[in-house]
$ cat upload_4.cif   # mmCIF, C-alpha atoms and all ligand atoms
data_run
loop_
_atom_site.label_atom_id
_atom_site.label_comp_id
_atom_site.auth_asym_id
_atom_site.auth_seq_id
_atom_site.Cartn_x
_atom_site.Cartn_y
_atom_site.Cartn_z
CA VAL A 1 80.16 -68.15 -134.61
CA ARG A 2 80.64 -71.78 -133.67
CA LEU A 3 80.84 -73.67 -130.41
CA HIS A 4 82.93 -76.79 -130.06
CA LEU A 5 81.81 -78.73 -126.98
CA LEU A 6 84.88 -80.18 -125.27
CA GLY A 7 83.27 -81.20 -121.97
CA VAL A 8 79.58 -81.53 -121.10
CA ARG A 9 79.68 -83.32 -117.75
CA GLY A 10 79.03 -81.69 -114.38
CA SER A 11 80.57 -82.25 -110.97
CA THR A 12 83.14 -84.94 -111.83
CA PRO A 13 84.33 -86.75 -114.97
CA ALA A 14 82.37 -89.84 -115.99
CA PRO A 15 84.58 -92.59 -117.42
CA GLY A 16 83.43 -96.01 -118.54
CA PRO A 17 81.35 -97.78 -121.18
CA ASN A 18 78.03 -96.17 -120.18
CA PHE A 19 79.30 -92.65 -120.93
CA VAL A 20 81.02 -93.05 -124.27
CA ARG A 21 78.59 -91.35 -126.63
CA TYR A 22 77.77 -88.17 -124.69
CA GLY A 23 81.25 -87.98 -123.21
CA GLY A 24 82.71 -87.91 -119.73
CA ASN A 25 84.81 -84.73 -119.54
CA THR A 26 83.76 -81.79 -117.38
CA SER A 27 82.71 -78.33 -118.54
CA CYS A 28 84.56 -76.71 -121.42
CA VAL A 29 83.32 -74.97 -124.58
CA ALA A 30 85.65 -73.57 -127.26
CA VAL A 31 84.22 -70.64 -129.20
CA TYR A 32 85.12 -69.60 -132.74
CA LEU A 33 84.35 -65.89 -132.89
CA ASP A 34 84.63 -65.36 -136.64
CA ALA A 35 81.32 -64.56 -138.28
CA ASP A 36 81.66 -67.03 -141.14
CA GLY A 37 83.34 -69.87 -139.28
CA GLY A 38 85.83 -70.59 -142.04
CA PRO A 39 87.85 -73.77 -141.77
CA SER A 40 91.08 -71.89 -141.04
CA ALA A 41 89.61 -70.11 -138.05
CA LEU A 42 90.82 -70.93 -134.57
CA PRO A 43 88.97 -70.75 -131.27
CA GLU A 44 89.76 -67.51 -129.43
CA LEU A 45 87.49 -67.88 -126.42
CA ILE A 46 86.98 -70.78 -124.01
CA PHE A 47 84.13 -71.03 -121.53
CA ASP A 48 85.34 -72.94 -118.45
CA ALA A 49 88.40 -75.12 -117.98
CA GLY A 50 87.11 -78.50 -116.85
CA THR A 51 88.85 -81.68 -117.93
CA GLY A 52 87.50 -81.17 -121.46
CA LEU A 53 90.11 -78.45 -121.94
CA ALA A 54 92.67 -81.20 -122.58
CA GLY A 55 91.04 -81.66 -126.00
CA LEU A 56 91.71 -78.08 -127.09
CA GLY A 57 94.93 -79.03 -128.87
CA ARG A 58 92.98 -81.00 -131.48
CA LEU A 59 91.35 -77.74 -132.59
CA LEU A 60 94.64 -75.86 -132.91
CA GLY A 61 96.51 -78.09 -135.34
CA GLY A 62 99.42 -78.50 -132.96
CA GLY A 63 99.73 -74.78 -132.29
CA ALA A 64 99.63 -72.93 -129.00
CA TYR A 65 96.44 -71.32 -127.74
CA THR A 66 96.18 -67.54 -127.95
CA GLY A 67 93.03 -66.06 -126.49
CA ASP A 68 90.74 -65.73 -123.52
CA ILE A 69 89.53 -68.34 -121.05
CA VAL A 70 86.57 -67.23 -118.94
CA LEU A 71 85.49 -69.22 -115.90
CA SER A 72 81.90 -69.25 -114.67
CA HIS A 73 83.18 -70.14 -111.18
CA LEU A 74 86.02 -71.99 -109.50
CA HIS A 75 84.52 -75.37 -108.60
CA TRP A 76 86.75 -78.30 -109.56
CA ASP A 77 84.73 -79.29 -112.62
CA HIS A 78 85.43 -75.86 -114.14
CA VAL A 79 89.18 -75.48 -113.44
CA GLN A 80 90.81 -78.91 -113.28
CA GLY A 81 91.75 -78.90 -116.96
CA LEU A 82 94.00 -75.85 -116.66
CA PRO A 83 97.23 -77.72 -115.82
CA PHE A 84 96.43 -80.66 -118.12
CA CYS A 85 96.11 -78.88 -121.45
CA PRO A 86 99.34 -78.95 -123.50
CA ALA A 87 97.94 -76.25 -125.84
CA VAL A 88 97.86 -73.67 -123.04
CA ASP A 89 100.77 -74.96 -120.91
CA ARG A 90 103.62 -74.27 -123.33
CA ASP A 91 106.15 -71.49 -123.77
CA ASP A 92 104.38 -69.82 -126.71
CA SER A 93 100.82 -69.78 -125.37
CA VAL A 94 99.18 -66.41 -124.62
CA VAL A 95 96.22 -66.68 -122.26
CA ARG A 96 94.04 -64.14 -120.53
CA LEU A 97 92.23 -66.04 -117.78
CA HIS A 98 89.14 -64.32 -116.40
CA LEU A 99 87.64 -65.59 -113.16
CA PRO A 100 84.91 -64.37 -110.83
CA VAL A 101 86.12 -63.44 -107.37
CA GLY A 102 82.95 -61.83 -106.00
CA ASP A 103 83.81 -59.37 -103.25
CA ASP A 104 87.00 -61.21 -102.25
CA PRO A 105 89.74 -58.61 -101.71
CA ALA A 106 92.50 -61.00 -102.86
CA SER A 107 93.83 -60.80 -106.40
CA PRO A 108 92.36 -63.18 -109.00
CA VAL A 109 95.48 -65.35 -109.13
CA GLU A 110 95.56 -65.56 -105.33
CA VAL A 111 91.94 -66.72 -105.30
CA LEU A 112 92.65 -69.33 -107.98
CA ALA A 113 95.79 -70.52 -106.16
CA ARG A 114 93.85 -71.45 -103.04
CA GLY A 115 92.78 -74.67 -104.72
CA PHE A 116 95.58 -74.80 -107.28
CA SER A 117 98.85 -74.95 -105.32
CA PRO A 118 100.61 -77.39 -102.98
CA PRO A 119 99.42 -79.42 -101.15
CA HIS A 120 96.30 -79.57 -103.39
CA PHE A 121 98.33 -79.68 -106.60
CA PRO A 122 102.08 -79.78 -107.37
CA ILE A 123 102.25 -76.29 -108.93
CA ASP A 124 100.45 -72.98 -108.54
CA PRO A 125 99.07 -70.91 -111.47
CA HIS A 126 102.44 -69.19 -111.96
CA GLY A 127 103.88 -72.63 -112.78
CA LEU A 128 101.91 -72.73 -116.04
CA ARG A 129 104.17 -72.08 -119.00
CA GLY A 130 103.49 -69.31 -121.50
CA SER A 131 102.20 -65.80 -121.00
CA TRP A 132 99.29 -65.67 -118.55
CA GLU A 133 97.21 -62.78 -117.29
CA PHE A 134 94.73 -63.30 -114.48
CA ARG A 135 91.79 -60.91 -114.53
CA ALA A 136 88.70 -60.61 -112.37
CA VAL A 137 85.30 -61.07 -114.00
CA ARG A 138 83.13 -58.16 -112.95
CA PRO A 139 79.44 -57.62 -113.72
CA GLY A 140 79.26 -55.77 -117.04
CA THR A 141 80.57 -56.07 -120.58
CA ILE A 142 84.08 -56.43 -121.99
CA THR A 143 85.19 -56.52 -125.62
CA LEU A 144 87.11 -59.53 -126.96
CA ALA A 145 88.69 -60.48 -130.27
CA GLY A 146 86.68 -59.60 -133.35
CA GLY A 147 84.62 -57.05 -131.44
CA ALA A 148 82.78 -59.75 -129.50
CA ALA A 149 80.94 -58.35 -126.48
CA LEU A 150 81.02 -60.57 -123.40
CA THR A 151 78.64 -59.67 -120.58
CA ALA A 152 78.85 -61.27 -117.15
CA ALA A 153 76.35 -61.21 -114.31
CA PRO A 154 76.19 -63.05 -110.98
CA VAL A 155 74.12 -66.23 -111.07
CA PRO A 156 72.73 -68.12 -108.05
CA HIS A 157 74.68 -71.38 -107.52
CA LYS A 158 76.27 -72.65 -104.35
CA GLY A 159 79.55 -72.06 -102.58
CA GLY A 160 81.37 -68.98 -103.84
CA ALA A 161 80.88 -66.47 -106.61
CA ALA A 162 79.39 -67.77 -109.87
CA VAL A 163 78.52 -65.88 -113.03
CA GLY A 164 76.72 -66.50 -116.30
CA PHE A 165 77.76 -65.06 -119.64
CA ARG A 166 76.12 -63.54 -122.69
CA LEU A 167 78.19 -63.31 -125.86
CA GLU A 168 77.27 -61.09 -128.81
CA VAL A 169 79.27 -61.05 -132.00
CA ALA A 170 78.47 -60.35 -135.63
CA GLY A 171 74.74 -60.18 -134.95
CA ARG A 172 74.62 -63.57 -133.18
CA SER A 173 74.16 -64.14 -129.51
CA LEU A 174 74.44 -66.91 -126.97
CA ALA A 175 74.21 -67.30 -123.23
CA TYR A 176 76.25 -69.76 -121.15
CA LEU A 177 74.96 -70.67 -117.67
CA PRO A 178 76.32 -74.13 -116.82
CA ASP A 179 75.57 -74.06 -113.08
CA HIS A 180 72.41 -72.21 -112.13
CA LEU A 181 70.02 -72.55 -109.22
CA LEU A 182 67.19 -71.44 -111.48
CA ASP A 183 64.17 -69.63 -110.18
CA PRO A 184 61.85 -69.92 -113.18
CA ASN A 185 60.02 -66.79 -112.11
CA HIS A 186 63.22 -64.80 -112.29
CA LEU A 187 62.76 -63.00 -115.59
CA ALA A 188 63.73 -59.49 -114.66
CA GLY A 189 67.10 -58.41 -113.42
CA SER A 190 70.59 -59.17 -114.60
CA VAL A 191 70.20 -62.95 -115.05
CA GLY A 192 67.12 -62.56 -117.23
CA ALA A 193 68.95 -59.87 -119.22
CA LEU A 194 71.81 -62.29 -119.96
CA VAL A 195 69.43 -64.71 -121.62
CA ALA A 196 66.74 -62.51 -123.15
CA GLY A 197 66.34 -63.27 -126.84
CA VAL A 198 69.65 -65.09 -127.38
CA ASP A 199 69.95 -67.35 -130.42
CA VAL A 200 71.38 -70.21 -128.34
CA LEU A 201 71.08 -70.81 -124.60
CA VAL A 202 73.65 -73.28 -123.22
CA HIS A 203 72.31 -74.13 -119.79
CA ASP A 204 72.60 -76.35 -116.74
CA GLY A 205 70.55 -79.49 -117.42
CA GLN A 206 71.78 -81.55 -114.50
CA TYR A 207 68.51 -82.62 -112.85
CA THR A 208 64.94 -83.76 -113.53
CA PRO A 209 61.83 -82.84 -111.51
CA ASP A 210 62.19 -86.10 -109.52
CA GLU A 211 65.54 -84.76 -108.33
CA ALA A 212 64.38 -81.23 -107.48
CA ALA A 213 65.44 -81.49 -103.84
CA VAL A 214 68.99 -82.45 -104.84
CA ALA A 215 69.05 -79.74 -107.51
CA SER A 216 68.27 -77.01 -105.06
CA ALA A 217 70.60 -78.43 -102.38
CA TYR A 218 73.50 -78.44 -104.88
CA GLY A 219 72.58 -75.16 -106.57
CA HIS A 220 71.44 -76.55 -109.92
CA ALA A 221 68.49 -76.31 -112.28
CA VAL A 222 65.63 -78.68 -113.06
CA ILE A 223 65.35 -79.25 -116.81
CA ASP A 224 61.60 -78.62 -117.03
CA ASP A 225 62.11 -75.24 -115.38
CA VAL A 226 64.91 -74.41 -117.82
CA LEU A 227 62.66 -75.05 -120.80
CA ALA A 228 59.80 -72.96 -119.40
CA TRP A 229 62.26 -70.19 -118.58
CA ALA A 230 63.75 -70.37 -122.09
CA ASP A 231 60.27 -69.81 -123.53
CA ALA A 232 59.65 -66.90 -121.19
CA CYS A 233 63.02 -65.36 -122.13
CA GLY A 234 62.41 -65.80 -125.86
CA VAL A 235 65.60 -67.70 -126.73
CA GLY A 236 66.12 -69.31 -130.15
CA ARG A 237 67.05 -72.79 -128.94
CA VAL A 238 68.33 -74.59 -125.88
CA VAL A 239 71.41 -76.76 -125.39
CA LEU A 240 71.29 -78.69 -122.10
CA THR A 241 74.71 -79.42 -120.63
CA HIS A 242 76.49 -80.16 -117.32
CA HIS A 243 74.97 -83.64 -117.24
CA ALA A 244 75.01 -85.41 -113.88
CA PRO A 245 78.04 -87.74 -113.74
CA SER A 246 75.77 -90.76 -113.17
CA ARG A 247 73.65 -90.00 -116.26
CA SER A 248 74.29 -92.84 -118.73
CA ASP A 249 74.13 -92.65 -122.50
CA ALA A 250 70.81 -94.53 -122.37
CA GLN A 251 69.35 -92.03 -119.92
CA LEU A 252 70.53 -89.08 -121.99
CA ASP A 253 68.98 -90.71 -125.08
CA SER A 254 65.69 -90.79 -123.18
CA PHE A 255 66.16 -87.09 -122.31
CA ALA A 256 66.66 -86.34 -126.00
CA ALA A 257 63.26 -87.88 -126.71
CA ARG A 258 61.50 -86.45 -123.67
CA TYR A 259 62.91 -82.94 -124.05
CA ALA A 260 63.02 -82.48 -127.81
CA ARG A 261 61.15 -79.15 -127.65
CA THR A 262 60.19 -76.54 -125.12
CA GLY A 263 56.50 -76.10 -124.33
CA ALA A 264 56.30 -73.38 -126.98
CA GLY A 265 58.17 -75.46 -129.57
CA ARG A 266 61.74 -74.22 -129.35
CA PRO A 267 64.33 -76.87 -130.28
CA VAL A 268 66.16 -78.48 -127.36
CA HIS A 269 69.42 -80.38 -127.73
CA ILE A 270 71.32 -82.61 -125.30
CA ALA A 271 74.96 -81.49 -125.38
CA THR A 272 77.42 -84.12 -126.61
CA GLU A 273 81.17 -83.93 -126.19
CA GLY A 274 82.96 -83.30 -129.47
CA GLU A 275 80.07 -81.77 -131.35
CA VAL A 276 80.02 -78.42 -133.10
CA ILE A 277 77.09 -76.04 -132.71
CA GLU A 278 76.62 -73.20 -135.16
CA VAL A 279 75.17 -70.11 -133.53
CA ARG A 280 72.75 -68.80 -136.11
CA ALA A 281 70.10 -66.17 -135.84
CA ALA A 282 66.79 -67.91 -135.21
CA ASP A 283 64.93 -68.98 -138.33
CA PRO A 284 62.43 -66.15 -139.06
CA ALA A 285 59.61 -68.67 -139.66
CA THR A 286 60.22 -70.16 -136.22
CA VAL A 287 60.22 -66.73 -134.61
CA ALA A 288 56.95 -65.84 -136.34
CA SER A 289 55.22 -69.02 -135.27
CA LEU A 290 56.50 -68.71 -131.70
CA SER A 291 55.31 -65.14 -131.45
CA ARG A 292 51.88 -66.12 -132.86
CA SER A 293 51.69 -68.70 -130.10
CA GLY A 294 52.05 -65.87 -127.63
CA ARG A 295 55.52 -66.77 -126.40
ZN ZN B 1 79.83 -77.31 -112.41
#
$ encode --input "upload_4.cif" --output "structure tokens" --more "lines below"
Ligand SMILES: [Zn+2]
Amino acid sequence: VRLHLLGVRGSTPAPGPNFVRYGGNTSCVAVYLDADGGPSALPELIFDAGTGLAGLGRLLGGGAYTGDIVLSHLHWDHVQGLPFCPAVDRDDSVVRLHLPVGDDPASPVEVLARGFSPPHFPIDPHGLRGSWEFRAVRPGTITLAGGAALTAAPVPHKGGAAVGFRLEVAGRSLAYLPDHLLDPNHLAGSVGALVAGVDVLVHDGQYTPDEAAVASAYGHAVIDDVLAWADACGVGRVVLTHHAPSRSDAQLDSFAARYARTGAGRPVHIATEGEVIEVRAADPATVASLSRSGR
């Protein structure tokens, strides 16, 4: 199982010379579900459709996308790539788009179309070429290609329904929570269950402790809380993503130094657009030393 990070920015794209190395596109992660990650494999699952989705075509060798796209929520930085991705907007694409609608009685495509139709945008979702299905994300588990199990649960954020995901396939596991008003004491319940013991946690890393007031006002996490929570939840390693749009390459370099490990020693990585992350079971030696340290 491999992740290809296509967009690691939160809120709005970040163009310009200060954002070149970590990348400026908004949230999008392509997932290769095959256990061995052979070179001929293609991504069959996409988390979120921010502007990073436009880069999907590079992974498909000129072919059309066939697979699932699951949205954590419908804020602009998670949907704006949908009409700007030639690999999904073509006659031979086959896409199942899953989006959370909370308790809204409207159909999923109607909910999506509220922000994706004239006068907000020239076309509505039915104007996308190819074969599209629009499905509601409900709390619980669905089965995807290759027997992958995708579990969704509501996550506190701000302004409309938001969910986090846990993916389990071929004995590997990851959790994806890009926008999360994290209560570090929140270990029990469905959010804690999404994250418990995963090999890789891809998580909201938008704010520092100095910015805690902004983080809670906008429904986001504070990095130090994320790392403590990751230790409490027993994850293998942490990938911090959804970087604030003002966060320069130099600042993210300083985060890489400051946040290299969790308090209990788990590896922490600052997500970078274009990189590939292998989801491996945690190294047994690491697990043993972490459990000896009481975490
Ligand atoms: Zn976001």
$ atom_distance --input "upload_4.cif" --atom1 "atom CA of Ile46 of chain A" --atom2 "atom CA of Phe121 of chain A"
22.6 Å
$ atom_distance --input "upload_4.cif" --atom1 "atom CA of Phe84 of chain A" --atom2 "atom CA of Ala54 of chain A"
5.9 Å
$ closest_atom_pairs --input "upload_4.cif" --of "segment 117-207 of chain A" --to "segment 19-30 of chain A" --cutoff "10 Å" --atoms "all atoms listed in the file" --output "JSON lines"
{"residue": "A:Tyr176", "atom": "CA", "partner": "A:Val29", "partner_atom": "CA", "distance": 9.4}
{"residue": "A:Pro178", "atom": "CA", "partner": "A:Ser27", "partner_atom": "CA", "distance": 7.8}
{"residue": "A:Asp179", "atom": "CA", "partner": "A:Ser27", "partner_atom": "CA", "distance": 10.0}
{"residue": "A:Val202", "atom": "CA", "partner": "A:Val29", "partner_atom": "CA", "distance": 9.9}
$ residues_near_ligand --input "upload_4.cif" --ligand "ligand ZN 1 (chain B)" --cutoff "6 Å" --atoms "all atoms listed in the file" --output "MDAnalysis selection string"
chainID A and resid 10:11 77 179
$ atom_distance --input "upload_4.cif" --atom1 "atom CA of Glu273 of chain A" --atom2 "atom CA of Val8 of chain A"
5.8 Å
$ closest_atom_pairs --input "upload_4.cif" --of "segment 127-210 of chain A" --to "segment 246-268 of chain A" --cutoff "12 Å" --atoms "all atoms listed in the file" --output "CSV"
residue,atom,partner,partner_atom,distance
A:Asp199,CA,A:Arg266,CA,10.8
A:Val200,CA,A:Val268,CA,9.8
A:Leu201,CA,A:Val268,CA,9.5
A:Val202,CA,A:Val268,CA,10.0
A:His203,CA,A:Val268,CA,10.7
A:Gly205,CA,A:Phe255,CA,10.0
A:Gln206,CA,A:Arg247,CA,8.8
A:Tyr207,CA,A:Arg247,CA,9.6
A:Thr208,CA,A:Phe255,CA,9.5
$ write_last_selection --input "upload_4.cif" --atoms "C-alpha atoms" --output "short mmCIF file (atom, residue, chain, number, x, y, z; two decimals), in the coordinates of the input"
data_model
loop_
_atom_site.label_atom_id
_atom_site.label_comp_id
_atom_site.auth_asym_id
_atom_site.auth_seq_id
_atom_site.Cartn_x
_atom_site.Cartn_y
_atom_site.Cartn_z
CA ASP A 199 69.95 -67.35 -130.42
CA VAL A 200 71.38 -70.21 -128.34
CA LEU A 201 71.08 -70.81 -124.60
CA VAL A 202 73.65 -73.28 -123.22
CA HIS A 203 72.31 -74.13 -119.79
CA GLY A 205 70.55 -79.49 -117.42
CA GLN A 206 71.78 -81.55 -114.50
CA TYR A 207 68.51 -82.62 -112.85
CA THR A 208 64.94 -83.76 -113.53
#
$ residues_around --input "upload_4.cif" --residues "Trp229 of chain A" --least-positions-apart "2" --cutoff "9 Å" --atoms "only C-alpha atoms" --output "list in words"
Leu182, Asp183, Pro184, Asn185, His186, Leu187, Asp224, Asp225, Val226, Leu227, Asp231, Ala232, Cys233 and Gly234 of chain A
$ closest_residue --input "upload_4.cif" --among "A:Asp210, A:Asp204, A:Glu168, A:Asp48" --to "Pro100 of chain A" --atoms "only C-alpha atoms"
A:Asp48
$ residues_around --input "upload_4.cif" --residues "Val279 of chain A" --least-positions-apart "4" --cutoff "9 Å" --atoms "all atoms listed in the file" --output "PDB file with C-alpha atoms, in the coordinates of the input"
ATOM      1  CA  VAL A   1      80.160 -68.150-134.610  1.00  0.00           C
ATOM      2  CA  ARG A   2      80.640 -71.780-133.670  1.00  0.00           C
ATOM      3  CA  LEU A   3      80.840 -73.670-130.410  1.00  0.00           C
ATOM      4  CA  ARG A 172      74.620 -63.570-133.180  1.00  0.00           C
ATOM      5  CA  SER A 173      74.160 -64.140-129.510  1.00  0.00           C
ATOM      6  CA  LEU A 174      74.440 -66.910-126.970  1.00  0.00           C
ATOM      7  CA  ASP A 199      69.950 -67.350-130.420  1.00  0.00           C
ATOM      8  CA  VAL A 200      71.380 -70.210-128.340  1.00  0.00           C
TER       9      VAL A 200
END
$ build_atoms --input "upload_4.cif" --residues "segment 223-240 of chain A" --atoms "N, CA, C and O atoms" --output "PDB file, in the frame of the given file"
ATOM      1  N   ILE A 223      65.450 -79.449-115.362  1.00  0.00           N
ATOM      2  CA  ILE A 223      65.350 -79.250-116.810  1.00  0.00           C
ATOM      3  C   ILE A 223      63.997 -78.632-117.204  1.00  0.00           C
ATOM      4  O   ILE A 223      63.950 -77.697-118.016  1.00  0.00           O
ATOM      5  N   ASP A 224      62.913 -79.135-116.631  1.00  0.00           N
ATOM      6  CA  ASP A 224      61.600 -78.620-117.030  1.00  0.00           C
ATOM      7  C   ASP A 224      61.486 -77.119-116.767  1.00  0.00           C
ATOM      8  O   ASP A 224      60.866 -76.385-117.541  1.00  0.00           O
ATOM      9  N   ASP A 225      62.097 -76.672-115.667  1.00  0.00           N
ATOM     10  CA  ASP A 225      62.110 -75.240-115.380  1.00  0.00           C
ATOM     11  C   ASP A 225      62.931 -74.473-116.406  1.00  0.00           C
ATOM     12  O   ASP A 225      62.581 -73.357-116.805  1.00  0.00           O
ATOM     13  N   VAL A 226      64.047 -75.070-116.828  1.00  0.00           N
ATOM     14  CA  VAL A 226      64.910 -74.410-117.820  1.00  0.00           C
ATOM     15  C   VAL A 226      64.119 -74.164-119.107  1.00  0.00           C
ATOM     16  O   VAL A 226      64.177 -73.085-119.699  1.00  0.00           O
ATOM     17  N   LEU A 227      63.358 -75.183-119.523  1.00  0.00           N
ATOM     18  CA  LEU A 227      62.660 -75.050-120.800  1.00  0.00           C
ATOM     19  C   LEU A 227      61.541 -74.013-120.710  1.00  0.00           C
ATOM     20  O   LEU A 227      61.332 -73.225-121.647  1.00  0.00           O
ATOM     21  N   ALA A 228      60.837 -73.986-119.580  1.00  0.00           N
ATOM     22  CA  ALA A 228      59.800 -72.960-119.400  1.00  0.00           C
ATOM     23  C   ALA A 228      60.419 -71.570-119.370  1.00  0.00           C
ATOM     24  O   ALA A 228      59.893 -70.605-119.953  1.00  0.00           O
ATOM     25  N   TRP A 229      61.557 -71.474-118.700  1.00  0.00           N
ATOM     26  CA  TRP A 229      62.260 -70.190-118.580  1.00  0.00           C
ATOM     27  C   TRP A 229      62.772 -69.734-119.954  1.00  0.00           C
ATOM     28  O   TRP A 229      62.705 -68.555-120.309  1.00  0.00           O
ATOM     29  N   ALA A 230      63.268 -70.689-120.745  1.00  0.00           N
ATOM     30  CA  ALA A 230      63.750 -70.370-122.090  1.00  0.00           C
ATOM     31  C   ALA A 230      62.624 -69.799-122.949  1.00  0.00           C
ATOM     32  O   ALA A 230      62.828 -68.854-123.715  1.00  0.00           O
ATOM     33  N   ASP A 231      61.426 -70.371-122.811  1.00  0.00           N
ATOM     34  CA  ASP A 231      60.270 -69.810-123.530  1.00  0.00           C
ATOM     35  C   ASP A 231      59.979 -68.399-123.046  1.00  0.00           C
ATOM     36  O   ASP A 231      59.742 -67.489-123.856  1.00  0.00           O
ATOM     37  N   ALA A 232      59.986 -68.217-121.739  1.00  0.00           N
ATOM     38  CA  ALA A 232      59.650 -66.900-121.190  1.00  0.00           C
ATOM     39  C   ALA A 232      60.688 -65.855-121.605  1.00  0.00           C
ATOM     40  O   ALA A 232      60.361 -64.683-121.774  1.00  0.00           O
ATOM     41  N   CYS A 233      61.947 -66.291-121.763  1.00  0.00           N
ATOM     42  CA  CYS A 233      63.020 -65.360-122.130  1.00  0.00           C
ATOM     43  C   CYS A 233      63.168 -65.206-123.644  1.00  0.00           C
ATOM     44  O   CYS A 233      64.018 -64.440-124.107  1.00  0.00           O
ATOM     45  N   GLY A 234      62.404 -65.969-124.420  1.00  0.00           N
ATOM     46  CA  GLY A 234      62.410 -65.800-125.860  1.00  0.00           C
ATOM     47  C   GLY A 234      63.709 -66.184-126.543  1.00  0.00           C
ATOM     48  O   GLY A 234      64.142 -65.540-127.499  1.00  0.00           O
ATOM     49  N   VAL A 235      64.352 -67.274-126.091  1.00  0.00           N
ATOM     50  CA  VAL A 235      65.600 -67.700-126.730  1.00  0.00           C
ATOM     51  C   VAL A 235      65.285 -68.424-128.040  1.00  0.00           C
ATOM     52  O   VAL A 235      64.143 -68.837-128.281  1.00  0.00           O
ATOM     53  N   GLY A 236      66.316 -68.596-128.894  1.00  0.00           N
ATOM     54  CA  GLY A 236      66.120 -69.310-130.150  1.00  0.00           C
ATOM     55  C   GLY A 236      66.049 -70.815-129.929  1.00  0.00           C
ATOM     56  O   GLY A 236      65.114 -71.484-130.365  1.00  0.00           O
ATOM     57  N   ARG A 237      67.062 -71.368-129.267  1.00  0.00           N
ATOM     58  CA  ARG A 237      67.050 -72.790-128.940  1.00  0.00           C
ATOM     59  C   ARG A 237      67.887 -73.041-127.694  1.00  0.00           C
ATOM     60  O   ARG A 237      68.655 -72.175-127.266  1.00  0.00           O
ATOM     61  N   VAL A 238      67.732 -74.250-127.168  1.00  0.00           N
ATOM     62  CA  VAL A 238      68.330 -74.590-125.880  1.00  0.00           C
ATOM     63  C   VAL A 238      69.294 -75.757-126.059  1.00  0.00           C
ATOM     64  O   VAL A 238      68.953 -76.746-126.725  1.00  0.00           O
ATOM     65  N   VAL A 239      70.477 -75.648-125.471  1.00  0.00           N
ATOM     66  CA  VAL A 239      71.410 -76.760-125.390  1.00  0.00           C
ATOM     67  C   VAL A 239      71.586 -77.079-123.902  1.00  0.00           C
ATOM     68  O   VAL A 239      72.083 -76.243-123.133  1.00  0.00           O
ATOM     69  N   LEU A 240      71.172 -78.278-123.507  1.00  0.00           N
ATOM     70  CA  LEU A 240      71.290 -78.690-122.100  1.00  0.00           C
ATOM     71  C   LEU A 240      72.640 -79.357-121.889  1.00  0.00           C
ATOM     72  O   LEU A 240      73.003 -80.293-122.614  1.00  0.00           O
TER      73      LEU A 240
END
